[in-house]
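Remarks on the structure that follows.
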Amino acid sequence: MRWALVKVCLAVTAMVVVAFAVPLGLVVQEMASDRAFSNAERQAATIGPTLSITTDPAQLSKAVESTQMGAARRMAVHVPAIGDSPPVSIGKGRAGERAVAETRRMGRATTATVPGGGSALLQPTALGSGDIAVVEVFVPESEVSNGVATAWLVLAGVGLALIVGSVAVADRLGARLVRPAERLADAAHQLGEGRLGTRVPEAGPKELRSAAVAFNAMADQVVELLANERELAADLSHRLRTPLTVLRLNTASLGDGPAADQTRAAVEQLEREVDTIIRTAREQRPATGLVGAGAGCDASEVICDRMGFWSALAEDEGREVRLAGVDRAVRIPVARPELAAALDAMLGNVFRHTPEGTPFAVDVHDAGDAVIVLVSDAGPGISDPDAALRRGNDGARDGSTGLGLDIVRRVAESTGGDVRLGRSVLGGTEVRVWIGLDGRSTGGPGAGRPGRGRRGNRRNRGRATP
């Protein structure tokens, strides 16, 4: 907008300068020409009294030489034949005889172009005998254009100064209009990045001040709505404490045994997750994000720990489990609770949406700049993986909230990676999670560009998300 305004002012000023400077320059040129020929007419008139008295060549020569133009050899007098006297030409004549005769015939002053440059003013003068003599005054080109070049330079300088001044004024005016708009756009970007304290100074033109006021009011409302949602999430999570307390007390009466220990461990983990949800909701920050240098967790250790939990349930349901790639430590920039929640979401999908006895596998691959976690099964899969990756979509299945794979996606995207659904080698669904190391691009589709993994591959197949 700023440069557009400058261009408009530049074009308008240039047109105004051309519209006024060019005619003015032509007028100056015409005035210089009129001045030169008017001076020539005055010089020609000085010889008129002498011609009215005598036509003697000697006296006429003295009279011509006594004038300024005659002394400069720029005046000539052409006297026609009178009686028996032949025609006489005094001084250096430059106009042709034809031009002289034409002036004598017309009886008025004329101009003739002189070969080699310049012009000649031919002024008819009546003699005492009634004949007409012609006084010729040479006007060089330098006198015709005297001062014209200077006038054009002055006009060009004035025009250039006007153009520069208009551009400077337009630039300042554009800056005054653009800066508030840039501040508003920058504040919108910052608000979109999660900096909720961003506000816009209410300055600039009236329209932009109104936009700034509206933006600040919107930002305040967003902060208030988010605060209300956090409180609501914390309150709803807190309501789970009562049934959890009942479950914990009931587990005490289960006695000893693997099933009882597993149930008590599950209840304790559920209590920890509820506490984490409440704390996260009240901390007013995202629950998932890149961790600092040196932080994170060992993906192999976390996967082995969670597989130990799910293997017991798999054994009860007669599922064959395969675990590969966890024989050595693999550090990733994801907090342990976040990775554990993502694994639980993927493995929970297997148990929830595949029949009992369906085998599944978990594979870990270290790709150098990324860690790839594959969770595959031999289940039926789904027909629309895009819908499965869409937050809040339950796939029209009971017991599904549509948030499970969204948790996995957010964990991957926080490292610059993404999530894809496809067909596994077991015949069912494969969930491929790319986890970037040190926030670098993983090389997977959509890596480093949050939101692309959500779309997935349209040719793949997957399952609904819980």
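Chain lettering (A, B, ...) mirrors the order of the structure tokens, residue numbering begins at 1 for each chain separately, and ligand numbering begins at 1 in order of display.
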
Who sits within 12 Å of Arg35 of chain A, only C-alpha atoms, same chain under 6 positions skipped, as a list of chain:residue names: A:Val28, A:Gln29, A:Glu41, A:Arg42, A:Val139, A:Glu143, A:Val144, A:Ser145, A:Asn146, A:Gly147, A:Val148

Output the selection as a PDB file, in the first residue's frame - C-alpha atoms for each residue.
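Saved as part17.pdb:
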```
ATOM      1  CA  VAL A  28       9.743  31.084 -23.048  1.00  0.00           C
ATOM      2  CA  GLN A  29      11.149  29.952 -26.391  1.00  0.00           C
ATOM      3  CA  GLU A  41      13.001  45.742 -36.101  1.00  0.00           C
ATOM      4  CA  ARG A  42      14.224  48.581 -33.883  1.00  0.00           C
ATOM      5  CA  VAL A 139      19.361  37.571 -36.599  1.00  0.00           C
ATOM      6  CA  GLU A 143      19.874  35.367 -30.238  1.00  0.00           C
ATOM      7  CA  VAL A 144      16.679  33.537 -31.176  1.00  0.00           C
ATOM      8  CA  SER A 145      17.363  30.889 -28.508  1.00  0.00           C
ATOM      9  CA  ASN A 146      19.049  33.169 -25.981  1.00  0.00           C
ATOM     10  CA  GLY A 147      18.061  32.061 -22.436  1.00  0.00           C
ATOM     11  CA  VAL A 148      15.873  29.188 -23.662  1.00  0.00           C
TER      12      VAL A 148
END
```

Close residues, Ala378 of chain A itself excluded, 10 Å, only C-alpha atoms, min 3 positions apart in chain, as a PyMOL selection string: chain A and resi 350+354-355+357-361+381+423-430

Generate the output file for the selected residues, N, CA and C atoms, as a compact mmCIF listing (two decimals), in the first residue's frame.
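Below is the file that was written, again20.txt:
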```txt
# COMPACT_ATOMS: atom_id res chain seq x y z
N VAL A 350 -6.06 -50.43 19.10
CA VAL A 350 -5.97 -51.82 18.66
C VAL A 350 -6.94 -52.69 19.44
N THR A 354 -10.42 -53.74 17.15
CA THR A 354 -10.14 -55.01 16.45
C THR A 354 -10.67 -56.17 17.29
N PRO A 355 -11.07 -57.25 16.66
CA PRO A 355 -11.60 -58.39 17.42
C PRO A 355 -10.52 -59.02 18.30
N GLY A 357 -8.02 -61.69 19.70
CA GLY A 357 -7.18 -62.63 18.97
C GLY A 357 -6.46 -62.01 17.79
N THR A 358 -6.72 -60.72 17.48
CA THR A 358 -6.04 -60.05 16.37
C THR A 358 -4.61 -59.70 16.77
N PRO A 359 -3.61 -60.17 16.04
CA PRO A 359 -2.23 -59.85 16.40
C PRO A 359 -1.89 -58.40 16.08
N PHE A 360 -0.88 -57.88 16.76
CA PHE A 360 -0.40 -56.53 16.47
C PHE A 360 1.09 -56.48 16.75
N ALA A 361 1.75 -55.40 16.27
CA ALA A 361 3.20 -55.26 16.41
C ALA A 361 3.55 -53.81 16.62
N GLY A 381 -9.18 -52.51 9.52
CA GLY A 381 -8.84 -51.19 9.00
C GLY A 381 -10.06 -50.30 8.84
N ARG A 423 -1.82 -49.04 5.19
CA ARG A 423 -2.08 -50.47 5.27
C ARG A 423 -0.82 -51.17 5.76
N SER A 424 -0.95 -51.96 6.80
CA SER A 424 0.21 -52.62 7.40
C SER A 424 0.52 -53.93 6.69
N VAL A 425 1.72 -54.45 6.96
CA VAL A 425 2.11 -55.74 6.38
C VAL A 425 1.30 -56.88 6.97
N LEU A 426 0.65 -56.65 8.13
CA LEU A 426 -0.20 -57.67 8.73
C LEU A 426 -1.58 -57.72 8.09
N GLY A 427 -1.87 -56.73 7.24
CA GLY A 427 -3.14 -56.71 6.56
C GLY A 427 -4.13 -55.71 7.11
N GLY A 428 -3.85 -55.14 8.27
CA GLY A 428 -4.77 -54.18 8.87
C GLY A 428 -4.27 -52.75 8.72
N THR A 429 -4.31 -52.02 9.82
CA THR A 429 -3.93 -50.62 9.82
C THR A 429 -2.52 -50.45 10.37
N GLU A 430 -1.82 -49.48 9.79
CA GLU A 430 -0.50 -49.11 10.29
C GLU A 430 -0.52 -47.63 10.64
```

With the cut-off set at 10 Å and counting only C-alpha atoms, tabulate each residue of segment 21-91 of chain A with an atom at most that distance from an atom of segment 153-157 of chain A, showing the nearest atom pair and its distance in Å to one decimal, ordered by chain and increasing number, as CSV.
```
residue,atom,partner,partner_atom,distance
A:Ala21,CA,A:Leu155,CA,6.1
A:Val22,CA,A:Leu155,CA,8.6
A:Leu24,CA,A:Leu155,CA,8.3
A:Gly25,CA,A:Leu155,CA,7.4
```

Keeping C-alpha atoms, export the residues of the selection given above as a short mmCIF file (atom, residue, chain, number, x, y, z; two decimals), in the first residue's frame.
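To be explicit, this is the file written out as again-v8.cif:
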```cif
data_model
loop_
_atom_site.label_atom_id
_atom_site.label_comp_id
_atom_site.auth_asym_id
_atom_site.auth_seq_id
_atom_site.Cartn_x
_atom_site.Cartn_y
_atom_site.Cartn_z
CA ALA A 21 6.42 22.84 -17.73
CA VAL A 22 6.28 21.95 -21.44
CA LEU A 24 5.77 27.19 -20.22
CA GLY A 25 9.03 26.21 -21.89
#
```

DSSP-assigned alpha helix (DSSP H) members of segment 199-362 of chain A, reported as a PyMOL selection string: chain A and resi 206-238+241-251+258-282+299-316+336-353

Do you have, as a Markdown table, the list of residues of segment 1-45 of chain A lying at most 12 Å from segment 175-186 of chain A, each with its nearest atom pair and that distance in Å to one decimal, counting only C-alpha atoms and ordered by chain then number?
```
| residue | atom | partner | partner_atom | distance |
| --- | --- | --- | --- | --- |
| A:Met1 | CA | A:Val178 | CA | 6.9 |
| A:Arg2 | CA | A:Val178 | CA | 6.3 |
| A:Trp3 | CA | A:Ala175 | CA | 9.4 |
| A:Ala4 | CA | A:Val178 | CA | 11.1 |
| A:Leu5 | CA | A:Ala175 | CA | 9.9 |
| A:Val6 | CA | A:Ala175 | CA | 10.2 |
```

Coordinates-based distance that separates atom CA of Val88 of chain A from atom CA of Pro57 of chain A (Å, one decimal):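 For atom CA of Pro57 of chain A relative to atom CA of Val88 of chain A, the distance reads 7.3 Å.
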
Shortest interatomic distance to Ala260 of chain A - which of A:Ala63, A:Ala44, A:Leu247, A:Val330, counting only C-alpha atoms: A:Leu247

d(atom CA of Leu121 of chain A, atom CA of Ala95 of chain A) in Å: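 Taking atom CA of Leu121 of chain A and atom CA of Ala95 of chain A, their separation equals 8.8 Å.
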
Residue list (strand (DSSP E or B), DSSP) for segment 115-289 of chain A, as a VMD selection string: chain A and resid 119 to 126 132 to 139

Gap from atom CA of Glu65 of chain A to atom CA of Val137 of chain A - Å, one decimal: 12.8 Å

Spatial neighbours of Glu136 of chain A, max dist 7 Å, only C-alpha atoms, sep filter under 2 positions, as a list in words: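 The residues that qualify are Met75, Ala76, Val77, Gly93, Ala120, Leu121, Leu122, Gln123, Val134 and Phe138 of chain A.
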
Contacts of Phe215 of chain A at 10 Å (only C-alpha atoms; same-chain gap of 6+ positions) as number ranges by chain: A: 184, 187-188, 198-200, 202, 209, 221

What would the file look like if the residues just selected were written as a PDB file, in the first residue's frame with C-alpha atoms?
```pdb
ATOM      1  CA  LEU A 184      -2.206  -5.058  13.435  1.00  0.00           C
ATOM      2  CA  ALA A 187      -0.281  -8.754  16.436  1.00  0.00           C
ATOM      3  CA  ALA A 188      -2.653 -11.128  14.634  1.00  0.00           C
ATOM      4  CA  THR A 198      -0.421  -9.314  22.454  1.00  0.00           C
ATOM      5  CA  ARG A 199      -2.258  -6.026  21.997  1.00  0.00           C
ATOM      6  CA  VAL A 200      -2.238  -3.300  19.333  1.00  0.00           C
ATOM      7  CA  GLU A 202      -4.755   2.337  19.149  1.00  0.00           C
ATOM      8  CA  ARG A 209      -7.843   2.861  15.255  1.00  0.00           C
ATOM      9  CA  GLN A 221     -12.480 -12.187  24.707  1.00  0.00           C
TER      10      GLN A 221
END
```

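Nearest-residue note for Gly165 of chain A: choosing from A:Cys9, A:Ala412, A:Val267, A:Ala99, the minimum distance belongs to A:Cys9, counting only C-alpha atoms.
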